[in-house]
Amino acid sequence: MSGAAALGLPVRAASRRRFRRPSAMPGFRLTFGFAVAYLSLIVLIPLAVLLLRASALGPSGLWDLVTDSRNLAALKTSFGLSLAAAAIDAVFGLLIAWVLTRYRFPGRRLIDALVDLPFALPTAVAGICLATLYSGNGWLGAPLEALGLKVAYTPLGILVALVFVGLPFCVRTVQPLIAEIDRSSEEAAAILGASRARALATVILPPLIPAVLTGFALAFARAVGEYGSVIFVAGNLPYVSEIAPLLIVIKLEEFNYTGATAIAAVMLLMSFGALLAINLIQDFSRRRFGHV
């Protein structure tokens with residue numbers, strides 16, 4: 001029997017009392033109201049207006065829009081390459097965070113600062129740099145094309161751009177946890193005869209999995225909506241290297257606001273579903289491995 005039931009209090013009244021529990025810091029009601037109002041004005045109301053504007057097409061109109069071959073190809077390109085880029089960032093972000101945290105070497109501080117460069121660099125500048133670097137006569141594009149691998153103006157170029165903009169999320173979310181791992185547990189595993197691979201799988205990785213999934217989710221969310229750094233290196237060919245955000249811009253230039261908001265609403269729902277699934281997996285991993 002719960003404490004509220006034992007005291008003869010309704011469950012709803014008990015939950016309301018817990019919600020109003022006094023705190024050492026005053027002003028809870030004011031700050032809570034401000035937080036809700038700010039979240040509504042900045043996030044909830046704009047998203048509600050977006051969905052309301054997209055609903056003008058009706059269910060059949062939305063279905064026709066989603067199943068249109070060009071729109072469907074763009075959505076597949078955006079979400080498929082975003083998932084691939086986030087997975088690459090999760091793996092290499094973990095490795096970079098491990099090296100920067102566990103080892104001391106010349107230039108470590110410089111490399112650690114360069115990790116945040118995609119945050120500060122304008123996306124258009126990043127796109128121009130990547131297009132110049134990976135074009136047919138670029139420093140990296142020329143030798144790669146000599147090997148038969150074309151990067152610029154292909155889906156591979158989009159993948160490179162998305163990996164570039166999402167990498168800092170995967171590094172910075174994992175780095176603090178690596179610094180907090182007690183090395184005595186690694187030493188105990190070695191003393192007990194565990195191989196390095198087994199110690200990595202049973203001692204090091206479990207507490208890092210929630211942070212890795214968080215970085216994956218953030219990198220995926222950034223990649224889905226990325227525009228500036230992609231259009232310069234993608235080629236923007238319909239059915240080949242055209243992304244969904246570009247379709248939204250095209251429809252806006254055609255004054256087709258309903259079509260633009262409909263595509264945006266579809267991207268919103270797909271992104272929400274993907275992030276919800278990632279967060280559920282993340283919550284399961286936290287409960288499974290006992291880390292909060």
# chains A, B, ... in the order shown; residues from 1 in each chain; ligands from 1

call {"tool": "select_by_dssp", "arguments": {"residues": "stretch 171-292 of chain A", "states": "alpha helix (DSSP H)", "output": "PyMOL selection string"}}
result
chain A and resi 171-180+183-191+196-199+205-224+228-234+244-253+257-289

call {"tool": "residues_around", "arguments": {"residues": "A:Lys251", "least_positions_apart": "6", "cutoff": "7 Å", "atoms": "only C-alpha atoms", "output": "list of chain:residue names"}}
result
A:Tyr257, A:Gly259, A:Ala260

call {"tool": "write_last_selection", "arguments": {"atoms": "all heavy atoms", "output": "PDB file, in the first residue's frame"}}
result
ATOM      1  N   TYR A 257       3.550  27.327 -50.190  1.00  0.00           N
ATOM      2  CA  TYR A 257       3.799  27.276 -48.755  1.00  0.00           C
ATOM      3  C   TYR A 257       3.180  26.038 -48.114  1.00  0.00           C
ATOM      4  O   TYR A 257       3.745  25.472 -47.171  1.00  0.00           O
ATOM      5  CB  TYR A 257       3.264  28.541 -48.093  1.00  0.00           C
ATOM      6  CG  TYR A 257       3.914  29.801 -48.609  1.00  0.00           C
ATOM      7  CD1 TYR A 257       3.176  30.770 -49.278  1.00  0.00           C
ATOM      8  CD2 TYR A 257       5.275  30.018 -48.432  1.00  0.00           C
ATOM      9  CE1 TYR A 257       3.777  31.924 -49.757  1.00  0.00           C
ATOM     10  CE2 TYR A 257       5.883  31.164 -48.907  1.00  0.00           C
ATOM     11  CZ  TYR A 257       5.129  32.112 -49.578  1.00  0.00           C
ATOM     12  OH  TYR A 257       5.734  33.240 -50.058  1.00  0.00           O
ATOM     13  N   GLY A 259       2.773  23.062 -49.534  1.00  0.00           N
ATOM     14  CA  GLY A 259       3.639  21.924 -49.833  1.00  0.00           C
ATOM     15  C   GLY A 259       4.904  21.944 -49.008  1.00  0.00           C
ATOM     16  O   GLY A 259       5.380  20.894 -48.546  1.00  0.00           O
ATOM     17  N   ALA A 260       5.479  23.146 -48.799  1.00  0.00           N
ATOM     18  CA  ALA A 260       6.701  23.249 -47.998  1.00  0.00           C
ATOM     19  C   ALA A 260       6.444  22.848 -46.551  1.00  0.00           C
ATOM     20  O   ALA A 260       7.222  22.096 -45.950  1.00  0.00           O
ATOM     21  CB  ALA A 260       7.247  24.672 -48.073  1.00  0.00           C
TER      22      ALA A 260
END

call {"tool": "residues_around", "arguments": {"residues": "A:Ile88", "least_positions_apart": "4", "cutoff": "10 Å", "atoms": "only C-alpha atoms", "output": "ChimeraX atom specification"}}
result
/A:82-84,92-94,159,162-163,166-167,170,216,219

call {"tool": "closest_residue", "arguments": {"among": "A:Leu252, A:Ala264, A:Ile231, A:Ala190", "to": "A:Leu62", "atoms": "only C-alpha atoms"}}
result
A:Ala264

call {"tool": "residues_around", "arguments": {"residues": "stretch 271-288 of chain A", "least_positions_apart": "4", "cutoff": "9 Å", "atoms": "only C-alpha atoms", "output": "list in words"}}
result
Phe79, Pro206, Pro207, Ile209, Pro210, Ala211, Val212, Leu213, Thr214, Phe216, Ala217, Leu218, Phe220, Ala221, Val224, Val266, Met267 and Val292 of chain A

call {"tool": "atom_distance", "arguments": {"atom1": "atom CA of A:Asn236", "atom2": "atom CA of A:Pro168"}}
result
25.8 Å

call {"tool": "residues_around", "arguments": {"residues": "stretch 110-127 of chain A", "least_positions_apart": "6", "cutoff": "8 Å", "atoms": "only C-alpha atoms", "output": "VMD selection string"}}
result
chain A and resid 100 161 164 to 168 171 227 to 233

call {"tool": "closest_residue", "arguments": {"among": "A:Ile158, A:Ile250, A:Val174, A:Ala37", "to": "A:Leu81", "atoms": "only C-alpha atoms"}}
result
A:Ile158

call {"tool": "atom_distance", "arguments": {"atom1": "atom CA of A:Trp98", "atom2": "atom CA of A:Gln175"}}
result
7.0 Å

call {"tool": "closest_residue", "arguments": {"among": "A:Ala199, A:Leu51, A:Leu130, A:Ala189", "to": "A:Leu268", "atoms": "only C-alpha atoms"}}
result
A:Leu51

call {"tool": "closest_atom_pairs", "arguments": {"of": "stretch 196-290 of chain A", "to": "stretch 134-157 of chain A", "cutoff": "7 Å", "atoms": "only C-alpha atoms", "output": "JSON lines"}}
result
{"residue": "A:Val233", "atom": "CA", "partner": "A:Tyr153", "partner_atom": "CA", "distance": 5.2}
{"residue": "A:Ala234", "atom": "CA", "partner": "A:Tyr153", "partner_atom": "CA", "distance": 4.3}
{"residue": "A:Gly235", "atom": "CA", "partner": "A:Tyr153", "partner_atom": "CA", "distance": 3.9}
{"residue": "A:Ser241", "atom": "CA", "partner": "A:Pro155", "partner_atom": "CA", "distance": 5.2}
